[in-house]
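Chemist: To be precise about what I am sending: the file is called query.tsv and holds TSV, C-alpha atoms.
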```
chain	number	residue	atom	x	y	z
L	1	MET	CA	6.43	-24.75	-21.85
L	2	LYS	CA	5.47	-22.08	-19.38
L	3	THR	CA	4.20	-18.74	-20.65
L	4	ARG	CA	6.77	-15.97	-20.41
L	5	VAL	CA	5.32	-13.14	-18.31
L	6	ASP	CA	7.23	-9.92	-17.67
L	7	LEU	CA	6.30	-8.11	-14.45
L	8	LEU	CA	6.90	-4.35	-14.63
L	9	THR	CA	7.29	-2.28	-11.47
L	10	LYS	CA	9.13	0.67	-10.00
L	11	GLU	CA	9.69	-0.97	-6.60
L	12	TYR	CA	11.31	-4.32	-6.01
L	13	PRO	CA	13.45	-5.53	-3.09
L	14	PRO	CA	15.62	-4.23	-1.65
L	15	GLU	CA	14.31	-0.87	-2.93
L	16	THR	CA	10.78	-1.07	-1.54
L	17	TYR	CA	8.99	1.75	0.22
L	18	GLY	CA	5.24	1.09	-0.16
L	19	GLY	CA	2.49	-1.47	-0.39
L	20	ALA	CA	2.76	-1.87	-4.16
L	21	GLY	CA	6.39	-2.92	-3.79
L	22	VAL	CA	5.48	-5.52	-1.16
L	23	HIS	CA	2.70	-6.77	-3.43
L	24	VAL	CA	4.96	-7.21	-6.45
L	25	ALA	CA	7.67	-9.01	-4.49
L	26	GLU	CA	5.23	-11.50	-2.97
L	27	LEU	CA	3.31	-11.98	-6.21
L	28	ALA	CA	6.53	-12.68	-8.11
L	29	ARG	CA	7.51	-15.36	-5.63
L	30	ALA	CA	4.12	-17.07	-5.85
L	31	LEU	CA	3.89	-16.78	-9.67
L	32	ARG	CA	7.25	-18.37	-10.48
L	33	PRO	CA	5.99	-21.98	-10.27
L	34	LEU	CA	3.18	-21.07	-12.69
L	35	VAL	CA	4.91	-19.02	-15.42
L	36	ASP	CA	8.32	-18.17	-16.85
L	37	LEU	CA	8.60	-14.91	-14.93
L	38	ARG	CA	10.91	-11.96	-15.59
L	39	VAL	CA	10.86	-8.86	-13.40
L	40	HIS	CA	11.75	-5.36	-14.62
L	41	CYS	CA	12.17	-2.68	-11.95
L	42	PHE	CA	13.83	0.66	-11.26
L	43	GLY	CA	17.03	1.33	-9.39
L	44	ALA	CA	20.37	-0.36	-8.76
L	45	PRO	CA	21.29	-3.69	-10.40
L	46	ARG	CA	19.78	-6.73	-8.71
L	47	ASP	CA	21.53	-10.06	-8.13
L	48	GLU	CA	18.33	-12.11	-8.34
L	49	GLU	CA	18.03	-14.25	-11.46
L	50	GLY	CA	15.45	-13.01	-13.93
L	51	VAL	CA	15.35	-9.50	-12.46
L	52	THR	CA	16.55	-6.51	-14.51
L	53	ALA	CA	16.81	-3.00	-13.08
L	54	TYR	CA	16.77	0.28	-14.98
L	55	ARG	CA	18.19	3.63	-13.97
L	56	GLU	CA	16.17	6.74	-14.67
L	57	PRO	CA	17.99	8.83	-17.31
L	58	ARG	CA	19.79	12.01	-16.41
L	59	LEU	CA	17.95	15.01	-17.78
L	60	GLY	CA	18.36	18.72	-17.22
L	61	GLU	CA	18.26	20.01	-13.66
L	62	ASP	CA	14.83	21.52	-14.22
L	63	ALA	CA	13.33	18.43	-15.86
L	64	ASN	CA	10.21	17.11	-14.16
L	65	SER	CA	10.69	13.77	-12.39
L	66	ALA	CA	7.81	12.27	-14.37
L	67	LEU	CA	9.91	12.62	-17.53
L	68	ARG	CA	12.70	10.58	-15.93
L	69	THR	CA	10.14	7.90	-15.13
L	70	LEU	CA	9.06	7.77	-18.78
L	71	GLY	CA	12.69	7.56	-19.85
L	72	ALA	CA	13.14	4.43	-17.75
L	73	ASN	CA	9.87	3.08	-19.19
L	74	VAL	CA	11.24	3.25	-22.73
L	75	GLU	CA	14.25	1.12	-21.82
L	76	MET	CA	12.07	-1.23	-19.79
L	77	ALA	CA	9.75	-1.77	-22.78
L	78	ALA	CA	12.77	-2.66	-24.92
L	79	GLY	CA	13.73	-5.26	-22.32
L	80	CYS	CA	10.34	-6.96	-22.71
L	81	ALA	CA	11.12	-8.26	-26.21
L	82	GLY	CA	10.20	-11.94	-26.26
L	83	ALA	CA	7.54	-11.74	-23.56
L	84	GLU	CA	4.12	-13.27	-24.23
L	85	LEU	CA	2.35	-11.03	-21.71
L	86	VAL	CA	3.32	-7.99	-19.66
L	87	HIS	CA	1.85	-7.07	-16.28
L	88	SER	CA	2.48	-3.56	-14.94
L	89	HIS	CA	1.99	-2.08	-11.48
L	90	THR	CA	1.40	1.65	-10.81
L	91	TRP	CA	1.75	4.48	-13.29
L	92	TYR	CA	5.51	4.34	-12.85
L	93	ALA	CA	5.55	1.19	-15.01
L	94	ASN	CA	2.22	1.45	-16.86
L	95	GLY	CA	3.91	3.33	-19.69
L	96	ALA	CA	6.36	0.49	-20.26
L	97	GLY	CA	3.50	-2.00	-20.34
L	98	HIS	CA	1.54	0.03	-22.87
L	99	LEU	CA	4.61	0.48	-25.07
L	100	ALA	CA	5.36	-3.26	-24.95
L	101	ARG	CA	1.76	-4.08	-25.88
L	102	THR	CA	1.95	-1.70	-28.84
L	103	LEU	CA	5.39	-2.80	-30.01
L	104	TYR	CA	5.08	-6.56	-29.66
L	105	GLY	CA	1.34	-7.12	-30.02
L	106	ILE	CA	1.10	-8.91	-26.67
L	107	PRO	CA	-1.50	-8.58	-23.89
L	108	HIS	CA	-1.00	-5.99	-21.17
L	109	VAL	CA	-2.47	-6.59	-17.71
L	110	VAL	CA	-2.55	-3.67	-15.27
L	111	THR	CA	-2.96	-3.99	-11.50
L	112	THR	CA	-4.45	-0.85	-9.97
L	113	HIS	CA	-3.14	-0.17	-6.48
L	114	SER	CA	-4.57	3.36	-6.61
L	115	LEU	CA	-5.78	5.86	-9.20
L	116	GLU	CA	-4.04	9.14	-9.98
L	117	PRO	CA	-7.29	11.18	-10.27
L	118	LEU	CA	-8.13	10.13	-6.71
L	119	ARG	CA	-4.79	11.35	-5.39
L	120	PRO	CA	-4.80	15.06	-6.34
L	121	TRP	CA	-2.39	15.88	-3.51
L	122	LYS	CA	0.30	14.30	-5.72
L	123	ALA	CA	0.37	17.59	-7.58
L	124	GLU	CA	2.38	18.80	-4.55
L	125	GLN	CA	4.90	16.03	-5.21
L	126	LEU	CA	5.04	15.94	-9.02
L	127	GLY	CA	3.97	19.44	-10.00
L	128	ALA	CA	2.99	19.48	-13.67
L	129	GLY	CA	4.18	15.87	-13.79
L	130	TYR	CA	0.92	14.92	-12.09
L	131	ALA	CA	-0.92	15.64	-15.35
L	132	LEU	CA	1.63	13.43	-17.10
L	133	SER	CA	1.31	10.58	-14.60
L	134	SER	CA	-2.48	10.77	-14.94
L	135	LEU	CA	-2.19	10.63	-18.74
L	136	VAL	CA	0.07	7.58	-18.61
L	137	GLU	CA	-2.21	5.73	-16.21
L	138	ARG	CA	-5.37	6.64	-18.13
L	139	THR	CA	-3.90	5.50	-21.45
L	140	ALA	CA	-2.67	2.20	-20.01
L	141	LEU	CA	-5.97	1.40	-18.29
L	142	ARG	CA	-8.13	2.19	-21.29
L	143	HIS	CA	-6.07	0.00	-23.62
L	144	ALA	CA	-5.20	-2.80	-21.20
L	145	ASP	CA	-6.43	-6.29	-22.04
L	146	ALA	CA	-7.32	-6.79	-18.38
L	147	VAL	CA	-7.34	-4.62	-15.27
L	148	ILE	CA	-6.88	-6.20	-11.84
L	149	ALA	CA	-8.33	-4.21	-8.94
L	150	VAL	CA	-7.02	-5.03	-5.46
L	151	SER	CA	-10.48	-4.71	-3.90
L	152	ARG	CA	-14.13	-4.41	-4.89
L	153	ALA	CA	-13.98	-0.75	-3.89
L	154	MET	CA	-11.01	-0.29	-6.22
L	155	ARG	CA	-12.97	-1.87	-9.07
L	156	GLU	CA	-15.83	0.55	-8.45
L	157	ASP	CA	-13.36	3.45	-8.54
L	158	VAL	CA	-11.88	2.25	-11.84
L	159	LEU	CA	-15.29	2.04	-13.51
L	160	ARG	CA	-16.43	5.35	-12.05
L	161	VAL	CA	-13.31	7.28	-13.05
L	162	HIS	CA	-13.04	5.51	-16.43
L	163	PRO	CA	-16.63	4.73	-17.50
L	164	ASP	CA	-15.49	3.80	-21.02
L	165	ILE	CA	-13.64	0.69	-19.72
L	166	ASP	CA	-15.55	-2.54	-20.31
L	167	PRO	CA	-16.53	-3.89	-16.86
L	168	ASP	CA	-15.84	-7.43	-18.10
L	169	ARG	CA	-12.14	-6.51	-18.32
L	170	VAL	CA	-11.91	-5.44	-14.67
L	171	HIS	CA	-11.25	-8.29	-12.22
L	172	VAL	CA	-10.94	-8.23	-8.42
L	173	VAL	CA	-7.94	-10.01	-6.87
L	174	HIS	CA	-7.29	-8.93	-3.30
L	175	ASN	CA	-3.83	-8.25	-1.94
L	176	GLY	CA	-2.29	-11.08	0.01
L	177	ILE	CA	-0.16	-11.74	3.06
L	178	ASP	CA	2.45	-14.40	3.77
L	179	THR	CA	1.36	-15.55	7.22
L	180	ALA	CA	4.47	-17.71	7.54
L	181	VAL	CA	6.56	-14.52	7.43
L	182	HIS	CA	4.11	-12.12	9.04
L	183	ARG	CA	3.36	-13.84	12.32
L	184	PRO	CA	3.37	-13.05	16.03
L	185	GLU	CA	6.89	-12.29	17.25
L	186	HIS	CA	7.09	-11.95	21.02
L	187	GLY	CA	10.73	-10.88	21.28
L	188	THR	CA	11.37	-7.44	22.75
L	189	GLY	CA	14.61	-6.39	21.09
L	190	ALA	CA	12.92	-3.71	18.97
L	191	LEU	CA	11.02	-2.38	21.98
L	192	ARG	CA	14.24	-1.99	23.97
L	193	ARG	CA	16.01	-0.41	21.02
L	194	TYR	CA	13.39	2.32	20.65
L	195	GLY	CA	12.69	2.87	24.34
L	196	ILE	CA	9.21	1.33	24.35
L	197	ASP	CA	7.83	0.08	27.66
L	198	PRO	CA	6.27	-3.39	27.11
L	199	ALA	CA	4.22	-2.98	30.30
L	200	ARG	CA	2.27	0.02	28.95
L	201	PRO	CA	-0.43	-0.04	26.25
L	202	LEU	CA	0.98	0.51	22.80
L	203	VAL	CA	-0.66	2.10	19.74
L	204	VAL	CA	1.24	1.66	16.47
L	205	PHE	CA	1.05	3.42	13.08
L	206	VAL	CA	3.03	2.26	10.04
L	207	GLY	CA	2.93	4.18	6.78
L	208	ARG	CA	4.35	6.79	4.48
L	209	VAL	CA	4.08	10.44	5.40
L	210	ALA	CA	1.56	11.10	2.65
L	211	ARG	CA	-1.78	12.88	2.47
L	212	GLN	CA	-3.64	9.68	1.74
L	213	LYS	CA	-2.33	7.94	4.87
L	214	GLY	CA	-4.06	10.41	7.19
L	215	LEU	CA	-1.21	10.73	9.69
L	216	PRO	CA	-2.02	14.36	10.65
L	217	HIS	CA	-5.53	13.24	11.62
L	218	LEU	CA	-4.09	10.49	13.82
L	219	LEU	CA	-1.76	12.99	15.48
L	220	ARG	CA	-4.71	15.28	16.24
L	221	ALA	CA	-6.63	12.27	17.57
L	222	ALA	CA	-3.69	11.41	19.84
L	223	PHE	CA	-4.36	14.51	21.96
L	224	GLU	CA	-7.57	12.71	23.06
L	225	MET	CA	-6.06	9.25	23.53
L	226	ASP	CA	-5.45	7.60	26.88
L	227	PRO	CA	-2.34	9.41	28.23
L	228	GLY	CA	-1.10	6.13	29.67
L	229	ALA	CA	-0.74	4.64	26.18
L	230	GLN	CA	2.39	4.94	24.10
L	231	LEU	CA	2.13	6.00	20.44
L	232	VAL	CA	4.73	4.61	18.05
L	233	LEU	CA	4.87	6.23	14.62
L	234	CYS	CA	6.76	4.18	12.03
L	235	CYS	CA	7.07	6.78	9.29
L	236	GLY	CA	8.15	6.15	5.73
L	237	ARG	CA	9.66	8.93	3.69
L	238	PRO	CA	7.51	12.06	3.20
L	239	ASP	CA	5.93	12.66	-0.18
L	240	THR	CA	6.56	16.40	-0.02
L	241	GLU	CA	8.27	18.99	2.13
L	242	GLY	CA	4.87	20.43	3.01
L	243	ILE	CA	3.49	17.23	4.54
L	244	ALA	CA	6.84	16.64	6.26
L	245	GLN	CA	6.72	20.05	7.95
L	246	GLU	CA	3.07	19.63	8.99
L	247	THR	CA	3.82	16.22	10.49
L	248	ASP	CA	6.93	17.47	12.31
L	249	ALA	CA	4.97	20.36	13.85
L	250	LEU	CA	2.15	18.09	15.04
L	251	VAL	CA	4.56	15.56	16.54
L	252	ASP	CA	6.38	18.36	18.39
L	253	ALA	CA	3.10	19.76	19.73
L	254	LEU	CA	1.94	16.31	20.81
L	255	ARG	CA	5.19	15.64	22.65
L	256	ARG	CA	4.77	18.90	24.56
L	257	SER	CA	1.35	17.77	25.76
L	258	ARG	CA	2.03	14.14	26.63
L	259	GLY	CA	4.75	11.54	26.95
L	260	GLY	CA	5.23	8.22	25.21
L	261	VAL	CA	5.35	9.54	21.63
L	262	ILE	CA	8.02	7.62	19.74
L	263	ARG	CA	8.80	8.32	16.09
L	264	ILE	CA	10.80	5.89	13.94
L	265	ASP	CA	11.74	7.18	10.49
L	266	GLY	CA	12.57	4.92	7.55
L	267	MET	CA	11.79	1.33	6.65
L	268	LEU	CA	11.93	-1.11	9.56
L	269	ASP	CA	13.41	-4.58	9.18
L	270	GLN	CA	10.81	-7.34	9.23
L	271	LEU	CA	11.75	-8.70	12.64
L	272	SER	CA	11.46	-5.31	14.32
L	273	LEU	CA	8.17	-4.58	12.56
L	274	ARG	CA	6.70	-7.92	13.65
L	275	GLN	CA	7.75	-7.30	17.26
L	276	LEU	CA	6.14	-3.85	17.32
L	277	LEU	CA	2.93	-5.10	15.72
L	278	THR	CA	2.75	-8.14	18.01
L	279	HIS	CA	3.17	-6.08	21.18
L	280	ALA	CA	0.74	-3.38	20.02
L	281	SER	CA	-2.53	-3.11	21.88
L	282	VAL	CA	-3.95	-1.51	18.73
L	283	PHE	CA	-2.73	-0.94	15.20
L	284	VAL	CA	-4.27	2.20	13.74
L	285	CYS	CA	-4.76	3.01	10.05
L	286	PRO	CA	-6.21	6.53	9.60
L	287	SER	CA	-6.03	6.47	5.78
L	288	LEU	CA	-8.21	8.79	3.72
L	289	TYR	CA	-7.64	6.77	0.55
L	290	GLU	CA	-6.77	3.09	0.70
L	291	PRO	CA	-7.76	0.76	-2.14
L	292	MET	CA	-6.80	-2.23	0.02
L	293	GLY	CA	-4.10	-1.69	2.63
L	294	ILE	CA	-1.57	-4.50	3.04
L	295	VAL	CA	-0.41	-2.98	6.31
L	296	ASN	CA	-3.72	-3.89	7.95
L	297	LEU	CA	-3.20	-7.50	6.88
L	298	GLU	CA	0.31	-7.41	8.35
L	299	ALA	CA	-1.06	-6.27	11.69
L	300	MET	CA	-3.82	-8.88	11.62
L	301	ALA	CA	-1.31	-11.62	10.76
L	302	CYS	CA	0.62	-10.62	13.89
L	303	GLY	CA	-2.54	-11.10	15.96
L	304	THR	CA	-3.23	-7.41	16.55
L	305	ALA	CA	-6.58	-5.62	16.65
L	306	VAL	CA	-6.97	-2.87	14.03
L	307	VAL	CA	-8.65	0.51	14.19
L	308	ALA	CA	-9.05	1.83	10.67
L	309	THR	CA	-10.99	4.28	8.55
L	310	ALA	CA	-14.06	2.79	6.90
L	311	THR	CA	-12.99	3.85	3.43
L	312	GLY	CA	-11.92	2.24	0.16
L	313	GLY	CA	-11.09	-1.45	0.39
L	314	ILE	CA	-10.37	-1.43	4.14
L	315	PRO	CA	-13.81	-2.85	5.11
L	316	GLU	CA	-13.04	-5.84	2.85
L	317	VAL	CA	-10.07	-6.63	5.10
L	318	VAL	CA	-10.99	-5.42	8.59
L	319	VAL	CA	-14.33	-6.78	9.86
L	320	ASP	CA	-15.89	-4.20	12.15
L	321	GLY	CA	-16.49	-5.62	15.61
L	322	GLU	CA	-14.68	-8.87	14.79
L	323	THR	CA	-11.07	-8.14	13.82
L	324	GLY	CA	-11.08	-4.48	14.81
L	325	LEU	CA	-13.10	-1.29	14.75
L	326	LEU	CA	-13.92	0.75	11.64
L	327	VAL	CA	-14.22	4.51	12.01
L	328	PRO	CA	-16.77	6.07	9.62
L	329	VAL	CA	-15.87	9.27	7.84
L	330	GLU	CA	-17.74	11.59	5.50
L	331	GLN	CA	-15.31	12.78	2.84
L	332	GLU	CA	-15.04	15.47	0.21
L	333	ARG	CA	-15.87	14.19	-3.27
L	334	ASP	CA	-13.18	16.28	-4.94
L	335	GLY	CA	-10.69	13.40	-4.97
L	336	THR	CA	-8.80	14.49	-1.85
L	337	GLY	CA	-10.81	12.35	0.58
L	338	THR	CA	-10.61	15.20	3.11
L	339	PRO	CA	-12.98	14.60	6.05
L	340	LEU	CA	-15.95	16.96	5.99
L	341	ASP	CA	-15.67	17.19	9.76
L	342	PRO	CA	-12.00	16.61	10.64
L	343	LYS	CA	-12.50	17.27	14.35
L	344	ARG	CA	-15.17	14.60	14.58
L	345	PHE	CA	-13.04	12.16	12.58
L	346	ALA	CA	-10.09	12.69	14.93
L	347	SER	CA	-12.32	12.29	17.99
L	348	ASP	CA	-13.88	9.12	16.59
L	349	LEU	CA	-10.42	7.68	15.92
L	350	ALA	CA	-9.40	8.44	19.50
L	351	SER	CA	-12.59	6.91	20.90
L	352	ALA	CA	-12.10	3.66	18.97
L	353	VAL	CA	-8.47	3.39	20.10
L	354	ASN	CA	-9.40	4.19	23.70
L	355	ARG	CA	-12.12	1.54	23.67
L	356	LEU	CA	-9.62	-1.20	22.86
L	357	ILE	CA	-6.99	0.12	25.26
L	358	ALA	CA	-9.60	0.03	28.02
L	359	ASP	CA	-10.63	-3.54	27.14
L	360	PRO	CA	-7.47	-5.63	26.56
L	361	GLY	CA	-9.53	-8.83	26.44
L	362	LEU	CA	-11.57	-7.52	23.53
L	363	ALA	CA	-8.42	-6.35	21.76
L	364	ARG	CA	-6.82	-9.79	22.16
L	365	ALA	CA	-9.94	-11.54	20.86
L	366	MET	CA	-10.04	-9.27	17.81
L	367	GLY	CA	-6.34	-9.85	17.20
L	368	ALA	CA	-6.81	-13.62	17.29
L	369	ALA	CA	-9.75	-13.36	14.87
L	370	GLY	CA	-7.64	-11.20	12.57
L	371	ARG	CA	-4.89	-13.80	12.44
L	372	ILE	CA	-7.40	-16.50	11.47
L	373	ARG	CA	-8.93	-14.28	8.78
L	374	ALA	CA	-5.52	-13.48	7.29
L	375	GLU	CA	-4.60	-17.18	7.14
L	376	LYS	CA	-7.86	-18.32	5.59
L	377	LEU	CA	-8.55	-15.67	2.97
L	378	PHE	CA	-5.42	-13.79	1.94
L	379	GLY	CA	-2.64	-16.25	1.12
L	380	TRP	CA	-0.33	-15.29	-1.77
L	381	ASP	CA	-0.61	-18.69	-3.45
L	382	GLU	CA	-4.33	-18.07	-3.88
L	383	VAL	CA	-3.63	-14.55	-5.16
L	384	ALA	CA	-1.19	-15.95	-7.73
L	385	ARG	CA	-3.71	-18.58	-8.82
L	386	GLN	CA	-6.31	-15.90	-9.46
L	387	VAL	CA	-3.85	-13.66	-11.31
L	388	HIS	CA	-2.76	-16.63	-13.43
L	389	ALA	CA	-6.42	-17.24	-14.32
L	390	VAL	CA	-6.60	-13.64	-15.61
L	391	TYR	CA	-3.49	-14.27	-17.72
L	392	ARG	CA	-5.06	-17.39	-19.25
L	393	ARG	CA	-8.24	-15.53	-20.01
L	394	VAL	CA	-6.54	-12.76	-21.99
L	395	LEU	CA	-4.17	-15.15	-23.77
L	396	GLU	CA	-7.04	-17.34	-24.92
L	397	ARG	CA	-8.94	-14.49	-26.56
```
Once more with this new file: its structure as structure tokens, please.
Modeler:
Amino acid sequence: MKTRVDLLTKEYPPETYGGAGVHVAELARALRPLVDLRVHCFGAPRDEEGVTAYREPRLGEDANSALRTLGANVEMAAGCAGAELVHSHTWYANGAGHLARTLYGIPHVVTTHSLEPLRPWKAEQLGAGYALSSLVERTALRHADAVIAVSRAMREDVLRVHPDIDPDRVHVVHNGIDTAVHRPEHGTGALRRYGIDPARPLVVFVGRVARQKGLPHLLRAAFEMDPGAQLVLCCGRPDTEGIAQETDALVDALRRSRGGVIRIDGMLDQLSLRQLLTHASVFVCPSLYEPMGIVNLEAMACGTAVVATATGGIPEVVVDGETGLLVPVEQERDGTGTPLDPKRFASDLASAVNRLIADPGLARAMGAAGRIRAEKLFGWDEVARQVHAVYRRVLER
């Protein structure tokens, strides 16, 4: 009989808004042939077999959102009765995993997509709940039977932030990409829909409006980019009102200084996203904190050259000079990742983008190399095999 594994997550299709949600959905699909998999997630009821969703409880109007998360975690842990192993993703579900481990005496595996202490700007989003989210994550990591880091850089962060964790319990399994789904798509329906000229160079950003994604730095860089290039900003929902207002002001200022600035808010359907990425001259990832960055893999799988910050796990995905250009940045060591010289960082981003816009042949060659790299090294079946090996290891102890 297959081992029953319960996967615990906040995000799961169709309610997905970030890389962790994409990761869990793809991992679940690839794991099902290997284990008896159940998925526990937040939100509205799901029709998919083996998937149970939990609503956050209603609390008082002034109750911190982190408390609602913990309320859902309690019910989620109850739903794990009968599991032989639980595997949680992000602090939003780490509490449920730790409770299940304690209640049922079963192993708990945690995948770290980020670390709360390295995202201090979340205090803007969660208020005092940031201390609570950090406590939940810290407790889960320190007691977990295994920790999976999505990059070598992420593993180093885990051991640096939590030096009391046994390094033998921390394993590296990179994020994956389904290159059968994420592939070049040469249709132009999405370009027509959003008023994008396929005859002009195209620079594309895809990401949440969050401090860690570095969008304000890209917008400042755009003032120095080739004015003949179009800039398409595919923006997920803002983390806070503050970052939303800053982004809005920068976009407005940029539009006053140049044309071709197109903003698309909300999650794009896969077909539209593939068309935008495929037609892009350059995909740009200005992140200040990025343990891995699935979005770079998505761009590479569509055959697009990437310009990205040389931080976190990004250099493990994007090969400088081969699949794109990495932009170095010196950052504050206070957890914010703020560039020490933001003007230089913005100028360096612009220079890298301009280099590829000016040399379409180089951009095409890098895009082709990126597609090959995505196919060879980052398939989800291989990711699932490695995760399953971690399961076996903790179950055999």
Chemist: Quick one: residues within 6 Å of segment 300-306 of chain L, only C-alpha atoms, excluding same-chain residues fewer than 5 positions away - as a list in words?
Modeler: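 Counting only the stated atoms, we get Thr179, His182, Arg183, Pro184, Thr278, Val282, Phe283, Val284, Thr323, Gly324, Ala363, Met366, Gly367, Ala368, Gly370, Arg371 and Ala374 of chain L.
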Chemist: Using all atoms listed in the file, what table do you get, as CSV, when you list each residue of segment 207-229 of chain L with an atom no more than 9 Å from segment 342-359 of chain L, its nearest pair of atoms, and their distance in Å rounded to one decimal, rows by chain then rising number?
Modeler:
```
residue,atom,partner,partner_atom,distance
L:His217,CA,L:Ala346,CA,5.7
L:Leu218,CA,L:Ala346,CA,6.5
L:Leu219,CA,L:Ala346,CA,8.4
L:Arg220,CA,L:Ala346,CA,6.1
L:Ala221,CA,L:Ala346,CA,4.4
L:Ala222,CA,L:Ala350,CA,6.4
L:Phe223,CA,L:Ala350,CA,8.3
L:Glu224,CA,L:Ala350,CA,5.9
L:Met225,CA,L:Ala350,CA,5.3
L:Asp226,CA,L:Asn354,CA,6.1
L:Ala229,CA,L:Ile357,CA,7.8
```
Chemist: Counting only C-alpha atoms, which of L:Asp178, L:Asp381, L:Asp157, L:Glu11 gets nearest to Trp91 of chain L?
Modeler: L:Glu11
Chemist: When you count all atoms listed in the file, which of these residues is closest to Cys235 of chain L: L:Gly207, L:Pro45, L:Pro315, L:Pro57?
Modeler: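 Checking each of L:Gly207, L:Pro45, L:Pro315, L:Pro57 against Cys235 of chain L, counting all atoms listed in the file, the winner is L:Gly207.
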Chemist: So how far away is atom CA of Val147 of chain L from atom CA of His171 of chain L, in Å?
Modeler: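 Atom-to-atom, atom CA of His171 of chain L to atom CA of Val147 of chain L, that is 6.2 Å.
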Chemist: Using all atoms listed in the file, which of L:Gly71, L:Gly187, L:Pro33, L:Gly50 sits nearest Leu277 of chain L?
Modeler: L:Gly187
Chemist: So that I can see what lies close to Leu135 of chain L, please list as JSON, numbers by chain the residues with an atom at most 12 Å from it, counting all atoms listed in the file and leaving out residues fewer than 3 positions away in the same chain.
Modeler: {"L": [66, 70, 91, 92, 94, 95, 98, 115, 116, 117, 128, 129, 130, 131, 132, 138, 139, 140, 141, 142]}
Chemist: One decimal, in Å: what's the spacing between atom CA of His108 of chain L and atom CA of Arg393 of chain L?
Modeler: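 Atom CA of Arg393 of chain L lies 12.0 Å from atom CA of His108 of chain L.
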Chemist: What separation in Å, quoted to one decimal, exists between atom CA of Trp121 of chain L and atom CA of Glu332 of chain L?
Modeler: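 Separation of atom CA of Trp121 of chain L and atom CA of Glu332 of chain L: 13.2 Å.
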Chemist: Could segment 217-232 of chain L be completed with N, CA and C atoms and returned as a PDB file, in the frame of the given file?
Modeler:
```pdb
ATOM      1  N   HIS L 217      -4.276  13.460  10.894  1.00  0.00           N
ATOM      2  CA  HIS L 217      -5.530  13.240  11.620  1.00  0.00           C
ATOM      3  C   HIS L 217      -5.300  12.324  12.826  1.00  0.00           C
ATOM      4  N   LEU L 218      -4.432  11.340  12.674  1.00  0.00           N
ATOM      5  CA  LEU L 218      -4.090  10.490  13.820  1.00  0.00           C
ATOM      6  C   LEU L 218      -3.384  11.306  14.899  1.00  0.00           C
ATOM      7  N   LEU L 219      -2.489  12.180  14.497  1.00  0.00           N
ATOM      8  CA  LEU L 219      -1.760  12.990  15.480  1.00  0.00           C
ATOM      9  C   LEU L 219      -2.710  13.908  16.231  1.00  0.00           C
ATOM     10  N   ARG L 220      -3.711  14.450  15.546  1.00  0.00           N
ATOM     11  CA  ARG L 220      -4.710  15.280  16.240  1.00  0.00           C
ATOM     12  C   ARG L 220      -5.561  14.412  17.170  1.00  0.00           C
ATOM     13  N   ALA L 221      -5.864  13.191  16.721  1.00  0.00           N
ATOM     14  CA  ALA L 221      -6.630  12.270  17.570  1.00  0.00           C
ATOM     15  C   ALA L 221      -5.851  11.909  18.825  1.00  0.00           C
ATOM     16  N   ALA L 222      -4.526  11.850  18.711  1.00  0.00           N
ATOM     17  CA  ALA L 222      -3.690  11.410  19.840  1.00  0.00           C
ATOM     18  C   ALA L 222      -3.788  12.334  21.042  1.00  0.00           C
ATOM     19  N   PHE L 223      -4.174  13.598  20.825  1.00  0.00           N
ATOM     20  CA  PHE L 223      -4.360  14.510  21.960  1.00  0.00           C
ATOM     21  C   PHE L 223      -5.507  14.034  22.855  1.00  0.00           C
ATOM     22  N   GLU L 224      -6.412  13.201  22.307  1.00  0.00           N
ATOM     23  CA  GLU L 224      -7.570  12.710  23.060  1.00  0.00           C
ATOM     24  C   GLU L 224      -7.397  11.246  23.487  1.00  0.00           C
ATOM     25  N   MET L 225      -6.263  10.646  23.173  1.00  0.00           N
ATOM     26  CA  MET L 225      -6.060   9.250  23.530  1.00  0.00           C
ATOM     27  C   MET L 225      -5.622   9.107  24.983  1.00  0.00           C
ATOM     28  N   ASP L 226      -5.861   7.931  25.524  1.00  0.00           N
ATOM     29  CA  ASP L 226      -5.450   7.600  26.880  1.00  0.00           C
ATOM     30  C   ASP L 226      -4.000   8.017  27.097  1.00  0.00           C
ATOM     31  N   PRO L 227      -3.723   8.929  28.032  1.00  0.00           N
ATOM     32  CA  PRO L 227      -2.340   9.410  28.230  1.00  0.00           C
ATOM     33  C   PRO L 227      -1.403   8.323  28.732  1.00  0.00           C
ATOM     34  N   GLY L 228      -1.954   7.216  29.224  1.00  0.00           N
ATOM     35  CA  GLY L 228      -1.100   6.130  29.670  1.00  0.00           C
ATOM     36  C   GLY L 228      -0.599   5.258  28.536  1.00  0.00           C
ATOM     37  N   ALA L 229      -1.145   5.439  27.335  1.00  0.00           N
ATOM     38  CA  ALA L 229      -0.740   4.640  26.180  1.00  0.00           C
ATOM     39  C   ALA L 229       0.427   5.287  25.455  1.00  0.00           C
ATOM     40  N   GLN L 230       1.297   4.459  24.930  1.00  0.00           N
ATOM     41  CA  GLN L 230       2.390   4.940  24.100  1.00  0.00           C
ATOM     42  C   GLN L 230       1.934   4.944  22.635  1.00  0.00           C
ATOM     43  N   LEU L 231       2.432   5.903  21.867  1.00  0.00           N
ATOM     44  CA  LEU L 231       2.130   6.000  20.440  1.00  0.00           C
ATOM     45  C   LEU L 231       3.425   5.874  19.666  1.00  0.00           C
ATOM     46  N   VAL L 232       3.535   4.829  18.860  1.00  0.00           N
ATOM     47  CA  VAL L 232       4.730   4.610  18.050  1.00  0.00           C
ATOM     48  C   VAL L 232       4.390   4.883  16.597  1.00  0.00           C
TER      49      VAL L 232
END
```
